[in-house]
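Colleague: My questions all concern the structure below.
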Amino acid sequence: MSRYELQTIHPESEFLENAWYMVAQSAQISRELQPLTILGDNLVFYRDSNDKIVALEDACPHRKMPLSMGKLMGDVVQCGFHGLTFDACGKCINAHSTRYHWFQHYNTNTSDEAVRHKLNEGARGAFEEDRIILEAVDAGMNDKKRANLDLRLDIGSRKFRKKLNALIKAEKEEAIC
Ligand code: FES
């Protein structure tokens with residue numbers, strides 16, 4: 001390990017949480033997004049255009065995608081999933097750059113084997129293409145330190161989940177009777 005390599009402070013080590021720690025040499029923080037885990041908190045560091053060092057929680061408040069996997073655009077960070085953009089204080093300054101859209105199929109003949117195969121392949125291909133992002137989001141949502149937020153774009157999937165849960169519940173109750 002190089003003398004200047006960024007260090008990770010592990011949560012199992014004994015440290016005061018409410019204290020200041022040196023995590024890097026000044027020269028190690030650049031215009032790149034650099035993830036660091038300190039006492040179990042995932043943080044992302046970068047240097048802004050005024051040479052000031054910025055540290056943010058490395059988790060988008062929407063679906064906990066690590067911001068370090070996003071893009072540094074000038075002095076702000078754009079989440080790599082739906083594109084929410086955060087300033088150096090962590091304030092969301094753009095919530096209208098959504099890059100992902102869900103779609104639903106209507107009037108699809110699911111009894112047609114060829115159609116089913118095509119739908120399946122299409123969905124699988126879409127998920128495979130985004131595997132790295134989806135796995136990062138899954139890990140973030142399963143290990144979140146703070147509650148996540150929903151956006152307007154989540155209304156459809158939340159309604160769908162609500163209906164699906166009701167159907168599952170009804171099916172289970174029917175099985176018991
Ligand atoms: S997870 Fe960041 S915008 Fe959705």
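Note on naming: chains are A, B, ... as they come in the structure tokens, residues start from 1 per chain, ligands start from 1 in the order shown.
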Please extract the residues at most 12 Å from ligand 1, counting only C-alpha atoms and all ligand atoms, and provide them as a ChimeraX atom specification, using the chain letters and residue numbers of this document.
Modeller: /A:58-71,77-86,92-101,133-141,148-154
Colleague: Enumerate the residues of range 2-145 of chain A with a DSSP assignment of alpha helix (DSSP H), computed from the backbone, and present them as a list in words.
Modeller: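 The residues of range 2-145 of chain A classed as alpha helix (DSSP H) are Glu113, Ala114, Val115, Arg116, His117, Lys118, Leu119, Asn120, Glu121, Gly122, Ala123, Arg124, Gly125, Ala126, Phe127, Glu128, Glu129, Arg131, Ile132, Ile133, Leu134, Glu135, Ala136, Val137, Asp138, Ala139, Gly140, Met141 and Asn142 of chain A.
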